[in-house]
$ cat run_4.tsv   # TSV, C-alpha atoms
chain	number	residue	atom	x	y	z
H	1	MET	CA	94.77	118.81	70.74
H	2	SER	CA	97.41	119.47	68.09
H	3	ALA	CA	100.90	120.81	68.76
H	4	ASP	CA	99.82	124.22	67.49
H	5	ASP	CA	96.79	124.21	69.79
H	6	ARG	CA	98.74	123.46	72.93
H	7	PRO	CA	98.83	126.29	75.44
H	8	ALA	CA	102.07	128.28	75.16
H	9	GLU	CA	103.09	127.39	78.71
H	10	ILE	CA	103.48	123.70	77.84
H	11	ARG	CA	105.11	123.85	74.41
H	12	ALA	CA	108.42	122.08	74.24
H	13	GLY	CA	111.47	124.33	74.23
H	14	ASP	CA	114.29	124.24	71.72
H	15	ALA	CA	116.23	120.96	71.79
H	16	GLY	CA	113.77	119.56	74.32
H	17	ARG	CA	114.72	121.97	77.10
H	18	LEU	CA	112.28	122.39	79.96
H	19	GLU	CA	110.76	125.84	79.60
H	20	GLY	CA	107.85	127.80	81.02
H	21	HIS	CA	105.22	126.63	83.47
H	22	VAL	CA	102.56	123.96	83.68
H	23	LYS	CA	99.76	123.35	86.16
H	24	VAL	CA	99.45	119.84	87.57
H	25	ALA	CA	96.80	118.41	89.88
H	26	ALA	CA	96.28	115.45	92.21
H	27	VAL	CA	92.62	114.52	92.60
H	28	GLN	CA	91.90	113.31	96.15
H	29	ALA	CA	88.55	111.68	95.47
H	30	ALA	CA	86.42	109.29	97.50
H	31	PRO	CA	86.12	105.80	96.03
H	32	VAL	CA	83.18	104.13	94.32
H	33	PHE	CA	83.58	100.60	95.70
H	34	PHE	CA	82.58	97.56	93.60
H	35	ASP	CA	81.19	99.80	90.83
H	36	VAL	CA	83.54	100.07	87.89
H	37	GLU	CA	81.09	102.10	85.78
H	38	GLY	CA	80.57	104.58	88.59
H	39	ALA	CA	84.31	104.91	89.26
H	40	VAL	CA	85.14	105.49	85.60
H	41	GLU	CA	82.43	108.10	85.23
H	42	ARG	CA	83.68	109.86	88.35
H	43	VAL	CA	87.18	110.01	86.86
H	44	CYS	CA	85.76	111.47	83.65
H	45	THR	CA	83.72	114.11	85.48
H	46	LEU	CA	86.55	115.14	87.79
H	47	THR	CA	89.02	115.21	84.91
H	48	ALA	CA	86.83	117.67	83.00
H	49	GLU	CA	86.39	119.86	86.08
H	50	THR	CA	90.09	119.84	86.95
H	51	ALA	CA	91.13	120.58	83.36
H	52	ALA	CA	88.69	123.51	83.29
H	53	ALA	CA	90.67	124.95	86.22
H	54	GLY	CA	93.82	124.91	84.10
H	55	ALA	CA	95.55	121.61	84.92
H	56	ARG	CA	97.42	119.91	82.07
H	57	LEU	CA	98.57	116.83	83.98
H	58	ILE	CA	95.95	115.20	86.22
H	59	VAL	CA	96.69	112.32	88.60
H	60	PHE	CA	94.25	109.97	90.37
H	61	PRO	CA	95.11	107.74	93.35
H	62	GLU	CA	96.34	104.18	93.57
H	63	ALA	CA	93.66	101.62	92.69
H	64	TYR	CA	91.00	104.31	92.24
H	65	VAL	CA	89.10	102.40	89.55
H	66	GLY	CA	88.46	98.95	90.97
H	67	GLY	CA	89.12	100.00	94.55
H	68	TYR	CA	91.68	99.79	97.32
H	69	PRO	CA	89.77	97.54	99.77
H	70	TRP	CA	90.83	99.00	103.14
H	71	GLY	CA	90.11	96.67	106.04
H	72	LEU	CA	88.99	93.63	104.05
H	73	ALA	CA	90.61	90.22	104.42
H	74	PHE	CA	88.26	88.47	101.97
H	75	GLY	CA	87.57	85.75	104.54
H	76	THR	CA	91.20	84.69	104.56
H	77	ALA	CA	93.32	83.33	107.38
H	78	VAL	CA	96.43	81.19	107.23
H	79	GLY	CA	95.20	77.79	106.13
H	80	GLY	CA	91.64	78.76	105.25
H	81	ARG	CA	89.21	80.77	103.10
H	82	THR	CA	85.48	81.33	103.44
H	83	GLU	CA	82.82	81.12	100.77
H	84	ALA	CA	81.66	84.64	101.62
H	85	GLY	CA	85.22	85.82	101.06
H	86	ARG	CA	85.39	84.05	97.70
H	87	ARG	CA	82.11	85.62	96.61
H	88	THR	CA	83.36	89.07	97.62
H	89	TRP	CA	86.58	88.42	95.75
H	90	GLU	CA	84.54	87.59	92.64
H	91	ARG	CA	82.68	90.87	93.07
H	92	TYR	CA	86.02	92.68	93.33
H	93	TRP	CA	87.32	90.85	90.25
H	94	ARG	CA	84.26	91.94	88.29
H	95	SER	CA	84.87	95.57	89.22
H	96	ALA	CA	88.38	95.47	87.70
H	97	VAL	CA	89.20	96.65	84.17
H	98	ASP	CA	90.71	95.05	81.10
H	99	VAL	CA	93.69	96.89	79.60
H	100	PRO	CA	92.95	97.73	76.88
H	101	GLY	CA	89.18	97.53	77.03
H	102	PRO	CA	85.99	99.59	76.99
H	103	HIS	CA	86.77	101.30	80.29
H	104	THR	CA	90.24	102.37	79.20
H	105	GLU	CA	88.72	103.67	75.99
H	106	ARG	CA	86.33	105.79	78.05
H	107	LEU	CA	89.20	107.13	80.17
H	108	GLY	CA	91.14	107.94	77.01
H	109	ARG	CA	88.19	109.89	75.63
H	110	ALA	CA	88.03	111.85	78.89
H	111	ALA	CA	91.69	112.82	78.50
H	112	GLN	CA	91.11	113.77	74.87
H	113	GLU	CA	87.98	115.81	75.58
H	114	ALA	CA	89.84	117.69	78.33
H	115	GLY	CA	93.07	118.02	76.31
H	116	VAL	CA	95.21	116.72	79.20
H	117	TYR	CA	97.67	114.05	80.19
H	118	LEU	CA	95.88	111.76	82.62
H	119	ALA	CA	97.29	109.18	85.06
H	120	VAL	CA	94.80	106.85	86.76
H	121	GLY	CA	95.32	104.06	89.28
H	122	VAL	CA	93.23	101.01	88.37
H	123	ILE	CA	92.83	97.38	89.29
H	124	GLU	CA	93.71	95.53	86.12
H	125	ARG	CA	92.31	92.12	85.27
H	126	ASP	CA	94.90	89.97	83.51
H	127	THR	CA	93.45	89.11	80.11
H	128	THR	CA	96.65	87.68	78.62
H	129	PHE	CA	96.55	84.22	80.15
H	130	SER	CA	94.30	82.82	82.89
H	131	GLY	CA	92.28	85.95	83.66
H	132	GLY	CA	92.31	85.02	87.33
H	133	THR	CA	94.96	87.48	88.54
H	134	LEU	CA	94.55	91.16	89.35
H	135	PHE	CA	97.25	93.82	89.21
H	136	CYS	CA	97.48	97.22	90.85
H	137	THR	CA	98.24	99.33	87.78
H	138	LEU	CA	98.92	102.96	86.86
H	139	LEU	CA	97.70	103.98	83.39
H	140	TYR	CA	98.92	106.96	81.36
H	141	PHE	CA	96.71	108.62	78.73
H	142	GLY	CA	97.62	111.40	76.32
H	143	PRO	CA	95.60	114.40	75.16
H	144	ASP	CA	94.93	112.54	71.91
H	145	GLY	CA	93.14	109.83	73.93
H	146	ARG	CA	95.79	107.16	73.44
H	147	LEU	CA	96.91	104.83	76.20
H	148	LEU	CA	100.58	105.80	76.40
H	149	GLY	CA	101.75	103.30	78.98
H	150	LYS	CA	100.98	101.22	82.02
H	151	HIS	CA	102.89	100.29	85.15
H	152	ARG	CA	102.01	97.22	87.18
H	153	LYS	CA	103.01	97.40	90.85
H	154	LEU	CA	106.13	95.29	91.26
H	155	LYS	CA	105.61	94.24	94.87
H	156	PRO	CA	102.23	94.29	96.62
H	157	THR	CA	102.66	95.01	100.33
H	158	ALA	CA	101.59	92.70	103.18
H	159	ALA	CA	97.94	91.61	102.74
H	160	GLU	CA	97.85	93.16	99.26
H	161	ARG	CA	99.61	89.95	98.20
H	162	LEU	CA	96.34	88.10	98.79
H	163	ILE	CA	94.57	90.04	96.08
H	164	TRP	CA	97.17	91.32	93.57
H	165	GLY	CA	99.86	89.71	91.48
H	166	GLU	CA	103.35	91.10	90.90
H	167	GLY	CA	104.28	93.13	87.84
H	168	ASP	CA	107.57	92.69	86.00
H	169	GLY	CA	110.13	94.99	84.42
H	170	SER	CA	108.25	95.23	81.14
H	171	THR	CA	105.91	97.88	82.58
H	172	LEU	CA	108.22	100.66	83.77
H	173	PRO	CA	107.25	103.45	81.38
H	174	VAL	CA	108.33	107.06	81.30
H	175	VAL	CA	106.09	109.15	79.05
H	176	SER	CA	107.48	112.07	77.06
H	177	THR	CA	105.28	115.18	77.23
H	178	PRO	CA	105.74	118.81	76.15
H	179	PHE	CA	106.51	119.63	79.79
H	180	GLY	CA	108.99	116.88	80.57
H	181	ARG	CA	109.20	113.16	81.10
H	182	VAL	CA	106.50	111.71	83.36
H	183	GLY	CA	106.78	108.43	85.25
H	184	GLY	CA	106.62	107.01	88.73
H	185	LEU	CA	105.95	104.18	91.15
H	186	ILE	CA	103.00	103.09	93.27
H	187	CYS	CA	102.87	103.44	97.07
H	188	TRP	CA	105.57	101.43	98.89
H	189	GLU	CA	107.42	100.67	95.66
H	190	ASN	CA	108.81	104.11	96.42
H	191	TYR	CA	110.70	102.55	99.35
H	192	MET	CA	112.60	100.34	96.87
H	193	PRO	CA	115.88	102.17	96.11
H	194	LEU	CA	116.61	100.21	92.95
H	195	ALA	CA	113.12	100.81	91.56
H	196	ARG	CA	113.55	104.54	92.13
H	197	MET	CA	116.96	104.43	90.46
H	198	ALA	CA	115.41	102.71	87.45
H	199	MET	CA	113.01	105.64	87.08
H	200	TYR	CA	115.76	108.23	87.54
H	201	GLY	CA	117.76	106.42	84.88
H	202	LYS	CA	114.94	107.11	82.42
H	203	GLY	CA	115.24	110.83	83.07
H	204	VAL	CA	111.95	111.39	84.88
H	205	ASP	CA	111.17	115.08	85.44
H	206	LEU	CA	107.67	114.75	86.91
H	207	TYR	CA	107.49	111.80	89.27
H	208	LEU	CA	104.05	110.40	90.18
H	209	ALA	CA	103.54	108.61	93.49
H	210	PRO	CA	99.91	107.50	93.83
H	211	THR	CA	99.45	105.78	97.19
H	212	ALA	CA	97.17	104.44	99.90
H	213	ASP	CA	99.51	105.63	102.69
H	214	ALA	CA	97.95	108.52	104.62
H	215	ARG	CA	100.53	108.70	107.42
H	216	PRO	CA	102.11	112.14	107.88
H	217	ARG	CA	105.54	110.45	107.64
H	218	TRP	CA	104.74	109.57	104.01
H	219	GLN	CA	105.44	113.21	103.22
H	220	ALA	CA	109.08	112.62	104.13
H	221	THR	CA	109.20	109.96	101.42
H	222	LEU	CA	107.83	112.34	98.81
H	223	THR	CA	110.30	115.03	99.89
H	224	HIS	CA	113.20	112.58	99.70
H	225	ILE	CA	112.26	111.46	96.18
H	226	ALA	CA	112.10	115.08	95.04
H	227	LEU	CA	115.55	115.77	96.49
H	228	GLU	CA	117.09	112.51	95.31
H	229	GLY	CA	115.67	112.58	91.79
H	230	ARG	CA	115.78	116.38	91.45
H	231	CYS	CA	112.28	116.15	90.03
H	232	PHE	CA	108.77	117.37	90.76
H	233	VAL	CA	106.79	114.82	92.80
H	234	VAL	CA	103.01	114.48	92.77
H	235	GLY	CA	101.62	112.40	95.64
H	236	CYS	CA	97.97	111.39	95.32
H	237	ASN	CA	95.74	109.50	97.77
H	238	GLN	CA	92.02	108.97	98.46
H	239	TYR	CA	89.74	110.10	101.26
H	240	VAL	CA	87.79	107.06	102.49
H	241	THR	CA	85.32	106.31	105.28
H	242	ARG	CA	83.70	103.01	106.27
H	243	ASP	CA	80.23	104.11	105.16
H	244	MET	CA	81.46	104.42	101.57
H	245	TYR	CA	81.32	100.63	101.24
H	246	PRO	CA	78.05	99.30	99.79
H	247	ALA	CA	75.38	98.38	102.33
H	248	ASP	CA	75.20	94.81	100.99
H	249	LEU	CA	78.90	94.03	101.55
H	250	GLU	CA	78.84	90.37	102.57
H	251	ILE	CA	81.98	90.52	104.73
H	252	ALA	CA	81.25	93.86	106.39
H	253	ASP	CA	81.97	92.34	109.83
H	254	GLU	CA	85.70	92.45	108.90
H	255	LEU	CA	85.50	96.24	109.23
H	256	ARG	CA	84.24	96.33	112.82
H	257	SER	CA	87.63	96.92	114.38
H	258	TRP	CA	88.60	99.62	111.88
H	259	PRO	CA	88.14	103.38	112.48
H	260	GLU	CA	85.40	105.31	110.72
H	261	VAL	CA	87.97	107.17	108.61
H	262	LEU	CA	89.91	104.50	106.72
H	263	CYS	CA	92.17	106.85	104.77
H	264	ARG	CA	92.73	110.55	105.55
H	265	GLY	CA	94.34	111.42	102.20
H	266	GLY	CA	97.53	113.47	102.21
H	267	SER	CA	97.85	114.36	98.52
H	268	ALA	CA	100.66	116.88	98.01
H	269	ILE	CA	103.12	118.26	95.45
H	270	TYR	CA	106.85	118.90	95.93
H	271	GLY	CA	109.52	120.71	93.92
H	272	PRO	CA	112.94	119.39	92.86
H	273	LEU	CA	114.70	120.93	95.86
H	274	GLY	CA	112.23	119.32	98.25
H	275	GLU	CA	110.10	122.44	98.68
H	276	CYS	CA	106.37	121.88	99.29
H	277	LEU	CA	104.44	123.44	96.42
H	278	ALA	CA	101.01	122.24	97.57
H	279	GLU	CA	100.44	121.36	101.24
H	280	PRO	CA	99.08	117.88	102.09
H	281	LEU	CA	95.28	117.72	102.05
H	282	TYR	CA	93.73	115.69	104.89
H	283	ASP	CA	90.26	114.61	106.04
H	284	ARG	CA	88.27	115.59	102.97
H	285	GLU	CA	87.99	115.25	99.23
H	286	GLY	CA	89.56	117.90	97.06
H	287	VAL	CA	92.06	118.76	94.36
H	288	VAL	CA	95.67	119.64	95.16
H	289	SER	CA	97.34	121.63	92.40
H	290	ALA	CA	100.47	123.65	91.72
H	291	GLU	CA	102.00	125.71	88.95
H	292	LEU	CA	105.38	124.15	88.16
H	293	ASP	CA	108.35	126.26	87.11
H	294	LEU	CA	109.84	123.73	84.68
H	295	PRO	CA	113.39	125.17	84.49
H	296	ALA	CA	113.66	124.43	88.22
H	297	VAL	CA	114.55	120.84	87.23
H	298	PRO	CA	117.81	121.60	85.39
H	299	ARG	CA	118.65	124.29	87.96
H	300	SER	CA	118.29	121.75	90.75
H	301	ARG	CA	120.65	119.31	89.03
H	302	PHE	CA	123.49	121.85	89.07
H	303	ASP	CA	124.90	120.38	92.30
H	304	PHE	CA	123.29	116.92	92.31
H	305	ASP	CA	122.37	114.71	89.35
H	306	VAL	CA	121.74	111.19	90.59
H	307	THR	CA	122.38	109.46	87.25
H	308	GLY	CA	124.78	112.11	85.91
H	309	HIS	CA	127.75	113.79	87.54
H	310	TYR	CA	126.83	112.42	91.00
H	311	ALA	CA	126.80	108.81	89.80
H	312	ARG	CA	129.75	106.43	90.10
H	313	PRO	CA	129.16	103.78	87.42
H	314	ASP	CA	132.72	102.56	87.92
H	315	VAL	CA	131.68	101.48	91.44
H	316	PHE	CA	127.89	100.97	91.31
H	317	ARG	CA	125.79	99.73	88.40
H	318	LEU	CA	122.13	98.77	88.13
H	319	GLN	CA	120.84	96.30	85.56
H	320	VAL	CA	117.09	96.37	84.88
H	321	ASP	CA	115.40	93.45	83.12
H	322	GLU	CA	112.56	94.99	81.10
H	323	ARG	CA	111.51	91.78	79.39
H	324	PRO	CA	108.04	90.35	80.12
H	325	HIS	CA	108.09	87.15	82.15
H	326	PRO	CA	104.95	85.11	81.44
H	327	ALA	CA	104.46	81.87	83.35
H	328	VAL	CA	103.92	80.04	80.06
H	329	ASP	CA	105.98	81.11	77.03
H	330	ALA	CA	105.03	78.62	74.35
H	331	VAL	CA	107.38	78.38	71.38
H	332	GLY	CA	105.35	78.66	68.21
H	333	ARG	CA	102.42	80.43	69.85
H	334	GLU	CA	100.61	82.52	67.26
H	335	GLY	CA	102.06	86.03	67.26
H	336	SER	CA	105.16	85.03	69.22
H	337	GLY	CA	107.46	85.35	66.24
H	338	GLU	CA	108.89	81.89	66.97
H	339	PRO	CA	108.86	79.02	64.45
H	340	SER	CA	105.97	76.60	64.77
$ encode --input "run_4.tsv" --output "structure tokens"
Amino acid sequence: MSADDRPAEIRAGDAGRLEGHVKVAAVQAAPVFFDVEGAVERVCTLTAETAAAGARLIVFPEAYVGGYPWGLAFGTAVGGRTEAGRRTWERYWRSAVDVPGPHTERLGRAAQEAGVYLAVGVIERDTTFSGGTLFCTLLYFGPDGRLLGKHRKLKPTAAERLIWGEGDGSTLPVVSTPFGRVGGLICWENYMPLARMAMYGKGVDLYLAPTADARPRWQATLTHIALEGRCFVVGCNQYVTRDMYPADLEIADELRSWPEVLCRGGSAIYGPLGECLAEPLYDREGVVSAELDLPAVPRSRFDFDVTGHYARPDVFRLQVDERPHPAVDAVGREGSGEPS
């Protein structure tokens, strides 16, 4: 989609001002566990359908491709692991994606074919070094099909630490679009004040908050971010039941104490003064969408601009290290730019 072909409602205004309207959507889809091909194809199908309904920014939940494994401990207890758990972990590892790789290329084509900006939560397999670590990652694709950025979750929560590694400051992107700057954080990263401030400091206008938290109180978090950042907030979750796991799951007994509905959803969209633009969706799959009045962002910052006139850099300052921090940084490694 060229600049001339873009719909009038999402063309950039003079001097980069936010003008007009744009429709955004959060896709509350059920997962396709342990089936990376099936999950990717579902994203592609739902992206095309959602774009046909007019959305120009489409968001999928945390860990949608690769899976958020509700209720599973992978045979782990303090001081021990089981072979069945290790085998299930291997199955989970095989359902993750390489970034970049053939699955990200397919997702990029879906964005290009639909002419949309697309944000998808994936489980990323680390291909840089050992290949044995997984990350909970948010990918951004443009309407030209390019991968525009990725964010690795900085701090997995509780038992998530068993299965995911920690990202670093090198993956905190904000993507410029014709309808504003798009960025965000994953699930309980949004409880980290300094991480939020880092995003506000990059001028985010449309803040994405994919999650696995279906509690009604999560809506207060989304409302607070909208008010604090004076930005639009898109919350996106999945709808998941126990019977969505494959019948041959080797550690299925770990789910016995869990309810039939593992995640109710709760996808919703909020405006920059905290107003609910699309009510939370619970207990079913669906698409939550809203038409955003883009000038509402600068209007909302008239009386509160968290990194502008309401900041006190003479008293408080935040330093963000955006360098990558590999465990092994060999001097002279090919491509490192260092002398050998």
$ closest_residue --input "run_4.tsv" --among "H:Val24, H:Ala209, H:Val240, H:Leu148" --to "Ala278 of chain H" --atoms "all atoms listed in the file"
H:Val24
$ atom_distance --input "run_4.tsv" --atom1 "atom CA of Thr171 of chain H" --atom2 "atom CA of Gly66 of chain H"
19.4 Å
$ residues_near_point --input "run_4.tsv" --point "(98.3, 109.4, 88.7)" --cutoff "8 Å" --atoms "only C-alpha atoms" --output "VMD selection string"
chain H and resid 26 58 to 62 118 to 121 138 to 140 208 to 210 236
$ closest_residue --input "run_4.tsv" --among "H:Pro178, H:Gly108, H:Gly286, H:Pro326" --to "Asp144 of chain H" --atoms "all atoms listed in the file"
H:Gly108
$ atom_distance --input "run_4.tsv" --atom1 "atom CA of Lys23 of chain H" --atom2 "atom CA of Tyr282 of chain H"
21.1 Å
$ residues_around --input "run_4.tsv" --residues "segment 304-311 of chain H" --least-positions-apart "3" --cutoff "10 Å" --atoms "all atoms listed in the file" --output "number ranges by chain"
H: 197-198, 200-203, 227-230, 298-301, 314-317
$ residues_near_point --input "run_4.tsv" --point "(85.1, 106.1, 83.4)" --cutoff "8 Å" --atoms "only C-alpha atoms" --output "JSON, numbers by chain"
{"H": [36, 37, 38, 39, 40, 41, 42, 43, 44, 103, 104, 106, 107, 110]}
$ atom_distance --input "run_4.tsv" --atom1 "atom CA of Pro173 of chain H" --atom2 "atom CA of Leu147 of chain H"
11.6 Å
$ closest_atom_pairs --input "run_4.tsv" --of "segment 84-187 of chain H" --to "segment 212-217 of chain H" --cutoff "12 Å" --atoms "all atoms listed in the file" --output "JSON lines"
{"residue": "H:Gly121", "atom": "CA", "partner": "H:Ala212", "partner_atom": "CA", "distance": 10.8}
{"residue": "H:Cys136", "atom": "CA", "partner": "H:Ala212", "partner_atom": "CA", "distance": 11.6}
{"residue": "H:Pro156", "atom": "CA", "partner": "H:Ala212", "partner_atom": "CA", "distance": 11.8}
{"residue": "H:Thr157", "atom": "CA", "partner": "H:Ala212", "partner_atom": "CA", "distance": 10.9}
{"residue": "H:Glu160", "atom": "CA", "partner": "H:Ala212", "partner_atom": "CA", "distance": 11.3}
{"residue": "H:Ile186", "atom": "CA", "partner": "H:Ala212", "partner_atom": "CA", "distance": 8.9}
{"residue": "H:Cys187", "atom": "CA", "partner": "H:Ala212", "partner_atom": "CA", "distance": 6.4}
$ closest_residue --input "run_4.tsv" --among "H:Asp168, H:Gln238, H:Pro259, H:Cys276" --to "Gln219 of chain H" --atoms "only C-alpha atoms"
H:Cys276
$ residues_around --input "run_4.tsv" --residues "Ala96 of chain H" --least-positions-apart "4" --cutoff "9 Å" --atoms "all atoms listed in the file" --output "ChimeraX atom specification"
/H:34-36,65-67,92,122-125,134
$ closest_atom_pairs --input "run_4.tsv" --of "segment 98-189 of chain H" --to "segment 53-57 of chain H" --cutoff "10 Å" --atoms "all atoms listed in the file" --output "tab-separated table"
residue	atom	partner	partner_atom	distance
H:Ala111	CA	H:Leu57	CA	9.7
H:Ala114	CA	H:Arg56	CA	8.7
H:Gly115	CA	H:Arg56	CA	7.5
H:Val116	CA	H:Arg56	CA	4.8
H:Tyr117	CA	H:Leu57	CA	4.8
H:Leu118	CA	H:Leu57	CA	5.9
H:Ala119	CA	H:Leu57	CA	7.8
H:Phe141	CA	H:Leu57	CA	9.9
H:Gly142	CA	H:Leu57	CA	9.4
H:Pro143	CA	H:Arg56	CA	9.0
H:Thr177	CA	H:Leu57	CA	9.7
H:Phe179	CA	H:Arg56	CA	9.4
H:Val182	CA	H:Leu57	CA	9.5
$ residues_around --input "run_4.tsv" --residues "segment 164-166 of chain H" --least-positions-apart "5" --cutoff "6 Å" --atoms "all atoms listed in the file" --output "ChimeraX atom specification"
/H:134-135,154-155
